[in-house]
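The block underneath contains the structure these notes are about, expressed in structure tokens.
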Amino acid sequence: MIAYLIRRILYAVPILIGVNLLTFALFFVVNTPDDMARMQLGIKRVTPQAIDAWKRQHGYDKPLLLNTAAGGAGQFTDTIFWQKSASMFAFDFGYSDDGRSIGREIATRMGPSLVIALPTFLIGLFVYVSFALLMTLFRGTALDMAGVALCVLLMSVSGLFYIIGGQFLVGKLWHLVPISGYSGGADSFKFVVLPIVIGVVGGIGSSSRWYRTIFLEEIGKDYVRTARAKGLSELRVLFTHVLKNAMIPILTGVVVVIPLLFMGSLLTESFFGIPGLGSYTIDAINSQDFSIVRAMVFLGSVLYIAGLILTDISYTVVDPRVRLS
Amino acid sequence: MSFIPVILWSDALVFLLVVGCVAGVWYVRQREHLLLPWRRVARSGVAMVSLLVLSLFFFVGLLDTLHYRAALPQQNNGGTVYAPEVLSVFDNLVAPLRLHNEKTYSAPFALTLYAKESTTDARGNVLREYPRLQYGGAHLSDASQRGGDVAQRARLGAFAGLLVGIGLVWLAARGVPGRAAAQGGPSLRGIGYAATAATLILATFIGALANLATVYHVLGTDKVGQDVLYLSLKSIRTGLIIGTVTTLVTLPLALFLGVAAGYFRGWMDDVIQYVYTVLSSIPSVLLIAAAVLMMQVTIDTHPQWFDTAASRADLRLVFLCLILGMTSWTGLCRLLRGETLKLREMEYIQAAQAFGVSSVRILARHIVPNVMHIVLISLVMDFSALVLAEAVLSYVGVGVDPSMISFGTMINAARLEMGREPMVWWALASAFCFMLVLVLAANLFADAVRDAFDPRLNRTEAGV
């Protein structure tokens with residue numbers, strides 16, 4: 001198990017290097033630092049001195065990959081690649097355009113993101129699986145058909161509609177909760193309940209339909225017939241046998257997103273004014289702060305790969321036949 | 001000539017797509033075994049109704065793709081001068097909608113503007129009142145006549161639409177049963193009912209809408225007074241291009257790499273797997289955002305590349321499709337690799353290898369045709385997700401050019417007006433409704449296609 005984990009983590013290193021090289025190419029080779037400076041300073045009437053000053057201020061005034069002016073190891077370390085891109089492996093994300101440490105911002109903003117994302121994830125999983133089990137129980141009947149039709153309808157609605165509609169209905173028309181905002185303390189419940197409900201509702205369509213397909217596939221198998229032949233009730237067959245055996249395909253899709261919960265949701269957080277990582281990313285995109293976007297891309301892939309490793313571990317937990325070696 | 005045709009980059013890709021579709025239909029029609037699953041699709045009433053709705057959207061999108069620049073009346077020493085504005089055939093067809101611009105917001109079917117304005121009457125008194133619209137309901141002398149006029153126009157238009165619909169059904173009915181009988185296929189009468197009803201209802205509805213739209217702003221007007229119905233109809237093209245061109249541009253890549261990785265294995269498999277693992281391990285929104293930001297910098301620092309604003313917006317759309325495609329081809333590639341790994345162990349492939357058939361030929365003749373159902377299914381399944389993604393990306397600020405009319409830009413502009421009292425709801429509602437109809441039709445059609453083509457799904461259905 002331990003040996004397997006170490007191998008998996010080592011296997012993740014080349015992928016992260018690939019991600020790192022890709023972001024480096026995207027941010028520094030497709031457009032040179034000069035282009036970025038010109039963009040930030042305004043396209044017209046920008047002097048070469050201003051560009052140089054901007055580059056020096058942001059630390060972009062070094063060669064990209066190889067510094068022939070420096071000696072020894074400095075040839076490689078005194079470059080943009082080493083200082084801006086490779087340093088991310090040490091989770092040193094540098095500074096944003098307004099001079100704040102990106103690493104510290106990420107650490108403080110993870111909390112609010114989790115407060116929204118974790119309950120959404122847990123409640124959502126419970127609701128989707130229950131709904132799918134219900135449809136499976138009534139499979140082939142009009143009730144099941146209506147459920148599937150509802151799912152298709154719900155998944156055809158734009159995610160923006162759920163947020164805007166929810167804010168309008170609950171926040172503006174019924175005045176139940178504030179439309180947006182956030183406070184760290186105990187009274188933050190009234191701020192987070194609407195984003196969580198909307199997050200759960202928004203995912204019902206596609207997720208429930210997906211789980212229903214999984215359950216239907218399981219229910220056609222032989223062990224289900226055996227269980228029924230033993231005289232078990234349909235409910236018992238469904239809840240103890242089918243649900244347990246459907247765990248593997250469910251976990252494949254579910255566990256991988258758990259680490260990504262830290263990143264929050266771009267849309268929800270920006271609409272509800274939650275100071276999490278999602279709104280941080282949106283703000284960075286709108287103000288064209290490339291260092292933040294670069295950091296988020298790298299962080300996102302680290303968390304995704306962590307999710308893949310977690311998925312493998314979870315298999316051994318739910319299925320004793322799976323041995324990691 | 002009174003106009004010159006303009007072919008933007010996205011137009012060229014759409015034409016390529018249309019040619020490909022026509023060639024595909026022609027190819028499939030020659031071969032009975034390829035026609036079989038399509039017959040299964042045709043037997044489903046839901047699929048045919050959604051196909052009808054989709055073709056309506058595609059028809060509008062195609063008309064909107066035929067671009068031209070009109071000639072200006074003045075001559076420049078003998079040569080004709082063309083207007084800088086790029087129009088489409090669709091713009092020309094709905095010219096009243098495009099040109100009847102009001103001053104600012106007005107509600108659907110309104111006769112007056114949304115906000116009060118100060119006017120000075122003949123005696124110099126300043127009045128605060130809702131000014132009348134310049135075009136919307138301008139033929140009425142006062143508001144009390146509106147109800148009767150709307151009902152009358154709707155009835156007239158609906159009746160004309162119904163007649164056209166009956167004509168269309170009659171034409172189709174003459175064409176279809178003869179062919180079905182000749183091929184000895186199942187009677188097409190069964191599917192006829194749902195599709196016929198849908199045709200008649202749609203024709204009636206469109207007739208009424210068209211007749212009303214000539215004199216009213218049926219869906220109101222937006223901040224700068226543009227007709228919302230016009231904006232919604234124009235958005236269709238953008239949505240369709242994002243939904244189709246994206247898959248089109250990366251399909252060859254996914255197909256080639258996926259099949260090659262599965263068939264040749266070895267180092268090629270390792271390299272291709274590495275590439276798509278790296279790409280898919282970056283959360284797609286972030287990768288898209290990063291790529292679009294970089295594209296923005298390139299476009300902004302090279303203004304000399306574009307002669308018109310339309311061509312810049314268009315190139316940005318094409319790049320957005322490319323970027324979306326780059327992030328979404330990995331899933332298809334993985335599926336194709338898996339399927340090819342399975343196929344290459346089949347007896348007929350081994351027989352071909354034993355006969356000394358070259359790898360390229362095996363791939364082209366035996367592997368690729370047998371993975372095409374996966375390609376088709378993922379193509380139709382991706383479409384609706386991409387249409388929805390466009391709106392979200394435009395909201396995030398990494399979508400289409402802000403000057404390009406799309407569902408995303410419409411929602412983005414209308415979202416800020418939710419706080420107003422009374423609320424400006426019509427632009428938002430229209431964008432969401434048009435999107436819902438388009439995506440719902442696409443989803444239903446995609447389901448029917450998947451059910452008909454996926455061999456695995458058929459088996460489980462039989463098992464239930």
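Following the order of the structure tokens, chains are lettered A, B, ..., residues in each are numbered from 1, and ligands are numbered from 1.
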
Residues of chain B at most 9 Å from chain A: nearest atom pair and distance in Å, only C-alpha atoms, as JSON lines:
{"residue": "B:Tyr274", "atom": "CA", "partner": "A:Ile15", "partner_atom": "CA", "distance": 7.2}
{"residue": "B:Val275", "atom": "CA", "partner": "A:Gly18", "partner_atom": "CA", "distance": 8.1}
{"residue": "B:Thr277", "atom": "CA", "partner": "A:Ile15", "partner_atom": "CA", "distance": 7.2}
{"residue": "B:Val278", "atom": "CA", "partner": "A:Ile15", "partner_atom": "CA", "distance": 5.4}
{"residue": "B:Leu279", "atom": "CA", "partner": "A:Val19", "partner_atom": "CA", "distance": 7.4}
{"residue": "B:Ser280", "atom": "CA", "partner": "A:Ser301", "partner_atom": "CA", "distance": 8.6}
{"residue": "B:Ser281", "atom": "CA", "partner": "A:Ser301", "partner_atom": "CA", "distance": 5.1}
{"residue": "B:Ile282", "atom": "CA", "partner": "A:Ser301", "partner_atom": "CA", "distance": 4.6}
{"residue": "B:Pro283", "atom": "CA", "partner": "A:Gly300", "partner_atom": "CA", "distance": 6.0}
{"residue": "B:Val285", "atom": "CA", "partner": "A:Leu266", "partner_atom": "CA", "distance": 8.9}
{"residue": "B:Leu286", "atom": "CA", "partner": "A:Val297", "partner_atom": "CA", "distance": 5.8}
{"residue": "B:Leu287", "atom": "CA", "partner": "A:Val297", "partner_atom": "CA", "distance": 6.7}
{"residue": "B:Ala289", "atom": "CA", "partner": "A:Ile285", "partner_atom": "CA", "distance": 7.2}
{"residue": "B:Ala290", "atom": "CA", "partner": "A:Val293", "partner_atom": "CA", "distance": 6.6}
{"residue": "B:Ala291", "atom": "CA", "partner": "A:Leu26", "partner_atom": "CA", "distance": 6.9}
{"residue": "B:Leu293", "atom": "CA", "partner": "A:Gln288", "partner_atom": "CA", "distance": 7.2}
{"residue": "B:Met294", "atom": "CA", "partner": "A:Phe27", "partner_atom": "CA", "distance": 6.8}
{"residue": "B:Met295", "atom": "CA", "partner": "A:Val30", "partner_atom": "CA", "distance": 8.6}
{"residue": "B:Val297", "atom": "CA", "partner": "A:Met39", "partner_atom": "CA", "distance": 6.4}
{"residue": "B:Thr298", "atom": "CA", "partner": "A:Asn31", "partner_atom": "CA", "distance": 6.7}
{"residue": "B:Asp300", "atom": "CA", "partner": "A:Met39", "partner_atom": "CA", "distance": 7.3}
{"residue": "B:Thr301", "atom": "CA", "partner": "A:Ile43", "partner_atom": "CA", "distance": 6.7}
{"residue": "B:Ser384", "atom": "CA", "partner": "A:Ser156", "partner_atom": "CA", "distance": 7.8}
{"residue": "B:Ala385", "atom": "CA", "partner": "A:Ser156", "partner_atom": "CA", "distance": 8.7}
{"residue": "B:Leu388", "atom": "CA", "partner": "A:Ser158", "partner_atom": "CA", "distance": 5.8}
{"residue": "B:Ala389", "atom": "CA", "partner": "A:Ser158", "partner_atom": "CA", "distance": 8.5}
{"residue": "B:Ala391", "atom": "CA", "partner": "A:Leu160", "partner_atom": "CA", "distance": 7.9}
{"residue": "B:Val392", "atom": "CA", "partner": "A:Leu160", "partner_atom": "CA", "distance": 6.9}
{"residue": "B:Tyr395", "atom": "CA", "partner": "A:Leu267", "partner_atom": "CA", "distance": 8.5}
{"residue": "B:Val396", "atom": "CA", "partner": "A:Ile282", "partner_atom": "CA", "distance": 6.4}
{"residue": "B:Gly397", "atom": "CA", "partner": "A:Asn286", "partner_atom": "CA", "distance": 6.5}
{"residue": "B:Val398", "atom": "CA", "partner": "A:Ile285", "partner_atom": "CA", "distance": 7.9}
{"residue": "B:Ile411", "atom": "CA", "partner": "A:Leu160", "partner_atom": "CA", "distance": 8.5}
{"residue": "B:Arg415", "atom": "CA", "partner": "A:Ile164", "partner_atom": "CA", "distance": 7.8}
{"residue": "B:Met418", "atom": "CA", "partner": "A:Phe168", "partner_atom": "CA", "distance": 7.8}
{"residue": "B:Gly419", "atom": "CA", "partner": "A:Lys172", "partner_atom": "CA", "distance": 8.6}
{"residue": "B:Leu428", "atom": "CA", "partner": "A:Phe161", "partner_atom": "CA", "distance": 8.9}
{"residue": "B:Phe432", "atom": "CA", "partner": "A:Phe161", "partner_atom": "CA", "distance": 7.0}
{"residue": "B:Cys433", "atom": "CA", "partner": "A:Val157", "partner_atom": "CA", "distance": 8.8}
{"residue": "B:Met435", "atom": "CA", "partner": "A:Ser158", "partner_atom": "CA", "distance": 7.6}
{"residue": "B:Leu436", "atom": "CA", "partner": "A:Val157", "partner_atom": "CA", "distance": 5.5}
{"residue": "B:Val437", "atom": "CA", "partner": "A:Ser156", "partner_atom": "CA", "distance": 8.2}
{"residue": "B:Leu438", "atom": "CA", "partner": "A:Ser156", "partner_atom": "CA", "distance": 8.6}
{"residue": "B:Val439", "atom": "CA", "partner": "A:Ser156", "partner_atom": "CA", "distance": 5.4}
{"residue": "B:Leu440", "atom": "CA", "partner": "A:Ser156", "partner_atom": "CA", "distance": 5.2}
{"residue": "B:Ala441", "atom": "CA", "partner": "A:Ser156", "partner_atom": "CA", "distance": 8.8}
{"residue": "B:Ala442", "atom": "CA", "partner": "A:Ser156", "partner_atom": "CA", "distance": 8.9}
{"residue": "B:Asn443", "atom": "CA", "partner": "A:Val152", "partner_atom": "CA", "distance": 7.2}
{"residue": "B:Leu444", "atom": "CA", "partner": "A:Val152", "partner_atom": "CA", "distance": 7.7}
{"residue": "B:Thr460", "atom": "CA", "partner": "A:Glu217", "partner_atom": "CA", "distance": 6.4}
{"residue": "B:Glu461", "atom": "CA", "partner": "A:Leu216", "partner_atom": "CA", "distance": 8.9}
{"residue": "B:Gly463", "atom": "CA", "partner": "A:Gly220", "partner_atom": "CA", "distance": 5.8}
{"residue": "B:Val464", "atom": "CA", "partner": "A:Gly220", "partner_atom": "CA", "distance": 5.9}

Shell of 12 Å around Trp82 in chain A, only C-alpha atoms, local chain residues under 3 positions omitted, as a list in words: Asn20, Leu21, Phe24, Gly59, Tyr60, Lys62, Pro63, Leu64, Leu65, Leu66, Asn67, Ala73, Gly74, Gln75, Phe76, Thr77, Asp78, Thr79, Ser85, Ala86, Ser87, Met88, Phe89, Ala90, Asp92, Phe93 and Gly94 of chain A

Dump as a short mmCIF file (atom, residue, chain, number, x, y, z; two decimals), in the first residue's frame, selection limited to N, CA and C atoms:
data_model
loop_
_atom_site.label_atom_id
_atom_site.label_comp_id
_atom_site.auth_asym_id
_atom_site.auth_seq_id
_atom_site.Cartn_x
_atom_site.Cartn_y
_atom_site.Cartn_z
N ASN A 20 3.40 22.38 -15.66
CA ASN A 20 4.24 23.56 -15.43
C ASN A 20 4.82 24.10 -16.73
N LEU A 21 5.34 23.20 -17.56
CA LEU A 21 5.90 23.63 -18.84
C LEU A 21 4.82 24.24 -19.73
N PHE A 24 3.98 27.63 -18.53
CA PHE A 24 5.11 28.51 -18.85
C PHE A 24 5.05 28.92 -20.32
N GLY A 59 9.65 41.60 -11.99
CA GLY A 59 10.64 40.53 -12.05
C GLY A 59 10.65 39.78 -13.36
N TYR A 60 10.17 40.42 -14.43
CA TYR A 60 10.16 39.76 -15.72
C TYR A 60 11.34 40.20 -16.59
N LYS A 62 14.29 39.19 -16.85
CA LYS A 62 15.37 38.19 -16.96
C LYS A 62 15.16 37.37 -18.23
N PRO A 63 16.22 36.65 -18.64
CA PRO A 63 16.03 35.78 -19.81
C PRO A 63 15.05 34.66 -19.47
N LEU A 64 14.44 34.06 -20.51
CA LEU A 64 13.41 33.05 -20.26
C LEU A 64 13.98 31.79 -19.63
N LEU A 65 14.95 31.17 -20.30
CA LEU A 65 15.40 29.85 -19.84
C LEU A 65 16.86 29.83 -19.40
N LEU A 66 17.71 30.57 -20.08
CA LEU A 66 19.15 30.46 -19.83
C LEU A 66 19.74 31.85 -19.69
N ASN A 67 20.34 32.12 -18.52
CA ASN A 67 20.94 33.43 -18.28
C ASN A 67 22.45 33.32 -18.51
N ALA A 73 25.44 28.04 -11.17
CA ALA A 73 24.05 27.61 -11.16
C ALA A 73 23.12 28.77 -11.53
N GLY A 74 23.62 29.99 -11.36
CA GLY A 74 22.82 31.16 -11.69
C GLY A 74 22.38 31.18 -13.14
N GLN A 75 23.13 30.47 -14.00
CA GLN A 75 22.73 30.39 -15.40
C GLN A 75 21.31 29.87 -15.54
N PHE A 76 20.94 28.94 -14.64
CA PHE A 76 19.61 28.37 -14.73
C PHE A 76 18.63 28.99 -13.74
N THR A 77 19.15 29.38 -12.55
CA THR A 77 18.22 29.83 -11.52
C THR A 77 17.85 31.30 -11.69
N ASP A 78 18.70 32.10 -12.32
CA ASP A 78 18.39 33.52 -12.45
C ASP A 78 17.61 33.77 -13.74
N THR A 79 16.55 32.97 -13.97
CA THR A 79 15.75 33.12 -15.18
C THR A 79 14.28 33.20 -14.80
N SER A 85 8.15 29.94 -12.63
CA SER A 85 7.39 28.73 -12.97
C SER A 85 7.82 27.55 -12.11
N ALA A 86 9.13 27.26 -12.09
CA ALA A 86 9.59 26.08 -11.35
C ALA A 86 9.36 26.26 -9.86
N SER A 87 9.35 27.51 -9.39
CA SER A 87 9.18 27.75 -7.96
C SER A 87 7.82 27.30 -7.46
N MET A 88 6.88 27.09 -8.38
CA MET A 88 5.55 26.69 -7.93
C MET A 88 5.55 25.29 -7.34
N PHE A 89 6.57 24.48 -7.67
CA PHE A 89 6.66 23.15 -7.07
C PHE A 89 6.85 23.25 -5.56
N ALA A 90 7.45 24.35 -5.10
CA ALA A 90 7.62 24.57 -3.67
C ALA A 90 6.44 25.37 -3.11
N ASP A 92 5.54 28.17 -3.93
CA ASP A 92 5.89 29.58 -3.81
C ASP A 92 5.31 30.27 -5.03
N PHE A 93 4.16 30.93 -4.84
CA PHE A 93 3.43 31.46 -6.00
C PHE A 93 3.79 32.90 -6.32
N GLY A 94 4.67 33.49 -5.52
CA GLY A 94 5.07 34.85 -5.83
C GLY A 94 4.01 35.86 -5.41
#

Surrounding residues of range 429-431 of chain B excluding itself and chain neighbours under 3 positions, 9 Å, only C-alpha atoms, as a ChimeraX atom specification: /B:219,228-229,231-232,235,406-408,410-411,425-426,434-436

Give me a file of those residues, with N, CA and C atoms, as a PDB file, in the first residue's frame.
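The new file selection20.pdb reads:
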ATOM      1  N   LEU B 219     -40.486  40.954 -27.752  1.00  0.00           N
ATOM      2  CA  LEU B 219     -39.750  40.620 -26.530  1.00  0.00           C
ATOM      3  C   LEU B 219     -39.122  41.866 -25.906  1.00  0.00           C
ATOM      4  N   VAL B 228     -35.056  42.744 -28.640  1.00  0.00           N
ATOM      5  CA  VAL B 228     -34.514  41.560 -27.972  1.00  0.00           C
ATOM      6  C   VAL B 228     -34.729  40.308 -28.810  1.00  0.00           C
ATOM      7  N   LEU B 229     -35.857  40.257 -29.549  1.00  0.00           N
ATOM      8  CA  LEU B 229     -36.091  39.100 -30.415  1.00  0.00           C
ATOM      9  C   LEU B 229     -34.975  38.984 -31.452  1.00  0.00           C
ATOM     10  N   LEU B 231     -31.902  40.132 -31.168  1.00  0.00           N
ATOM     11  CA  LEU B 231     -30.674  39.713 -30.485  1.00  0.00           C
ATOM     12  C   LEU B 231     -30.701  38.213 -30.211  1.00  0.00           C
ATOM     13  N   SER B 232     -31.863  37.711 -29.750  1.00  0.00           N
ATOM     14  CA  SER B 232     -31.953  36.287 -29.444  1.00  0.00           C
ATOM     15  C   SER B 232     -31.725  35.456 -30.696  1.00  0.00           C
ATOM     16  N   SER B 235     -28.160  35.403 -31.619  1.00  0.00           N
ATOM     17  CA  SER B 235     -27.334  34.608 -30.709  1.00  0.00           C
ATOM     18  C   SER B 235     -27.264  33.152 -31.143  1.00  0.00           C
ATOM     19  N   SER B 406     -24.382  37.145 -28.410  1.00  0.00           N
ATOM     20  CA  SER B 406     -24.483  35.743 -28.021  1.00  0.00           C
ATOM     21  C   SER B 406     -25.346  35.665 -26.771  1.00  0.00           C
ATOM     22  N   PHE B 407     -25.771  34.444 -26.419  1.00  0.00           N
ATOM     23  CA  PHE B 407     -26.578  34.295 -25.213  1.00  0.00           C
ATOM     24  C   PHE B 407     -25.810  34.793 -23.999  1.00  0.00           C
ATOM     25  N   GLY B 408     -24.504  34.507 -23.987  1.00  0.00           N
ATOM     26  CA  GLY B 408     -23.695  34.922 -22.845  1.00  0.00           C
ATOM     27  C   GLY B 408     -23.636  36.428 -22.690  1.00  0.00           C
ATOM     28  N   MET B 410     -25.760  38.561 -23.866  1.00  0.00           N
ATOM     29  CA  MET B 410     -27.106  39.049 -23.536  1.00  0.00           C
ATOM     30  C   MET B 410     -27.376  38.926 -22.044  1.00  0.00           C
ATOM     31  N   ILE B 411     -27.054  37.743 -21.498  1.00  0.00           N
ATOM     32  CA  ILE B 411     -27.296  37.514 -20.069  1.00  0.00           C
ATOM     33  C   ILE B 411     -26.439  38.464 -19.244  1.00  0.00           C
ATOM     34  N   TRP B 425     -36.873  42.368 -16.994  1.00  0.00           N
ATOM     35  CA  TRP B 425     -36.706  40.911 -16.970  1.00  0.00           C
ATOM     36  C   TRP B 425     -36.664  40.314 -18.361  1.00  0.00           C
ATOM     37  N   TRP B 426     -37.104  41.073 -19.379  1.00  0.00           N
ATOM     38  CA  TRP B 426     -37.392  40.415 -20.658  1.00  0.00           C
ATOM     39  C   TRP B 426     -36.152  39.923 -21.401  1.00  0.00           C
ATOM     40  N   PHE B 434     -34.592  30.840 -25.087  1.00  0.00           N
ATOM     41  CA  PHE B 434     -34.024  30.366 -26.347  1.00  0.00           C
ATOM     42  C   PHE B 434     -32.987  29.286 -26.078  1.00  0.00           C
ATOM     43  N   MET B 435     -32.146  29.517 -25.064  1.00  0.00           N
ATOM     44  CA  MET B 435     -31.119  28.533 -24.732  1.00  0.00           C
ATOM     45  C   MET B 435     -31.758  27.231 -24.293  1.00  0.00           C
ATOM     46  N   LEU B 436     -32.795  27.339 -23.449  1.00  0.00           N
ATOM     47  CA  LEU B 436     -33.439  26.127 -22.941  1.00  0.00           C
ATOM     48  C   LEU B 436     -33.993  25.300 -24.089  1.00  0.00           C
TER      49      LEU B 436
END

Polymer residues at most 12 Å from Ile242 in chain B, only C-alpha atoms, same-chain spacing of 5 or more positions, as a PyMOL selection string: chain B and resi 10+13-14+61+235-237+247-249+314+316-325+382-391+393+399-400+406-408

Backbone-only DSSP, helix (DSSP H, G or I) members of range 60-202 of chain A, as a ChimeraX atom specification: /A:74-77,80-90,102-137,142-155,159-173,186-202

All residues 9 Å or closer to Pro112 in chain A, only C-alpha atoms, same chain fewer than 2 positions away omitted, as a list in words: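 The neighbour list is Thr108, Arg109, Met110, Leu114, Val115, Ile116, Ala117, Tyr182, Gly184, Gly264, Ile274, Pro275, Gly276 and Leu277 of chain A.
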
Atomic distance CA of Val449 in chain B - CA of Leu251 in chain A, expressed in Å with one decimal: 27.7 Å

Report as a PDB file with N, CA and C atoms, in the first residue's frame all protein, DNA and RNA residues lying within 9 Å of Ala448 in chain B, evaluated on only C-alpha atoms, omitting residues in the same chain fewer than 6 positions from it.
ATOM      1  N   ARG B  40     -33.796   3.644 -36.523  1.00  0.00           N
ATOM      2  CA  ARG B  40     -34.220   3.544 -35.129  1.00  0.00           C
ATOM      3  C   ARG B  40     -34.459   4.949 -34.552  1.00  0.00           C
ATOM      4  N   VAL B  41     -33.567   5.894 -34.917  1.00  0.00           N
ATOM      5  CA  VAL B  41     -33.764   7.272 -34.466  1.00  0.00           C
ATOM      6  C   VAL B  41     -35.072   7.820 -35.036  1.00  0.00           C
ATOM      7  N   SER B  44     -38.409   7.232 -33.329  1.00  0.00           N
ATOM      8  CA  SER B  44     -38.755   7.884 -32.065  1.00  0.00           C
ATOM      9  C   SER B  44     -39.392   9.244 -32.328  1.00  0.00           C
ATOM     10  N   VAL B  46     -40.096  11.630 -30.175  1.00  0.00           N
ATOM     11  CA  VAL B  46     -39.388  12.712 -29.478  1.00  0.00           C
ATOM     12  C   VAL B  46     -38.191  13.159 -30.301  1.00  0.00           C
ATOM     13  N   ALA B  47     -37.457  12.189 -30.855  1.00  0.00           N
ATOM     14  CA  ALA B  47     -36.258  12.537 -31.616  1.00  0.00           C
ATOM     15  C   ALA B  47     -36.622  13.363 -32.841  1.00  0.00           C
TER      16      ALA B  47
END

Coordinates-based distance that separates CA of Phe445 in chain B from CA of His366 in chain B (Å, one decimal): 28.1 Å

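Residues with any atom within 10 Å of Arg8 in chain A, counting only C-alpha atoms and excluding same-chain neighbours fewer than 4 positions away, are Ile2, Ala3, Tyr4, Ala12, Val13, Ile305, Ala306, Leu308, Ile309 and Asp312 of chain A.
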
Restricting the output to N, CA and C atoms, write the selected residues as an mmCIF file, in the first residue's frame.
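Just written: out06.cif:
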data_model
loop_
_atom_site.group_PDB
_atom_site.id
_atom_site.type_symbol
_atom_site.label_atom_id
_atom_site.label_comp_id
_atom_site.auth_asym_id
_atom_site.auth_seq_id
_atom_site.Cartn_x
_atom_site.Cartn_y
_atom_site.Cartn_z
ATOM 1 N N ILE A 2 1.806 1.311 0.979
ATOM 2 C CA ILE A 2 2.681 2.474 1.075
ATOM 3 C C ILE A 2 3.534 2.583 -0.195
ATOM 4 N N ALA A 3 4.065 1.424 -0.629
ATOM 5 C CA ALA A 3 4.907 1.433 -1.823
ATOM 6 C C ALA A 3 4.100 1.906 -3.024
ATOM 7 N N TYR A 4 2.846 1.453 -3.079
ATOM 8 C CA TYR A 4 1.996 1.857 -4.188
ATOM 9 C C TYR A 4 1.781 3.368 -4.171
ATOM 10 N N ALA A 12 3.027 11.148 -10.456
ATOM 11 C CA ALA A 12 2.380 12.450 -10.631
ATOM 12 C C ALA A 12 3.388 13.533 -10.995
ATOM 13 N N VAL A 13 4.669 13.319 -10.627
ATOM 14 C CA VAL A 13 5.665 14.375 -10.848
ATOM 15 C C VAL A 13 5.820 14.735 -12.331
ATOM 16 N N ILE A 305 -4.807 15.799 -9.361
ATOM 17 C CA ILE A 305 -4.004 14.575 -9.282
ATOM 18 C C ILE A 305 -4.132 13.941 -7.899
ATOM 19 N N ALA A 306 -4.194 14.784 -6.871
ATOM 20 C CA ALA A 306 -4.442 14.256 -5.530
ATOM 21 C C ALA A 306 -5.778 13.515 -5.504
ATOM 22 N N LEU A 308 -7.179 11.914 -7.988
ATOM 23 C CA LEU A 308 -7.031 10.621 -8.659
ATOM 24 C C LEU A 308 -6.438 9.587 -7.709
ATOM 25 N N ILE A 309 -5.421 10.013 -6.921
ATOM 26 C CA ILE A 309 -4.794 9.079 -5.983
ATOM 27 C C ILE A 309 -5.800 8.676 -4.907
ATOM 28 N N ASP A 312 -8.130 5.953 -6.085
ATOM 29 C CA ASP A 312 -7.561 4.608 -6.013
ATOM 30 C C ASP A 312 -7.635 4.052 -4.604
#

One-decimal distance in Å that lies between CA of Asp142 in chain B and CA of Glu129 in chain B: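 Value for the CA of Glu129 in chain B-CA of Asp142 in chain B distance: 14.5 Å.
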
DSSP strand (DSSP E) residues within range 59-303 of chain B, listed as a list in words: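 In range 59-303 of chain B, DSSP puts these residues in strand (DSSP E): His67, Tyr68, Arg69, Ala70, Ala71, Leu72, Pro73, Gln74, Gln75, Asn76, Gly79, Thr80, Val81, Tyr82, Leu87, Ser88, Glu117, Ser118, Thr119, Thr120, Val126, Leu127, Arg128 and Glu129 of chain B.
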
Which residue of A:Ile313, A:Ile292, A:Lys84, A:Leu243 approaches Arg104 in chain A most closely, using only C-alpha atoms: A:Ile292
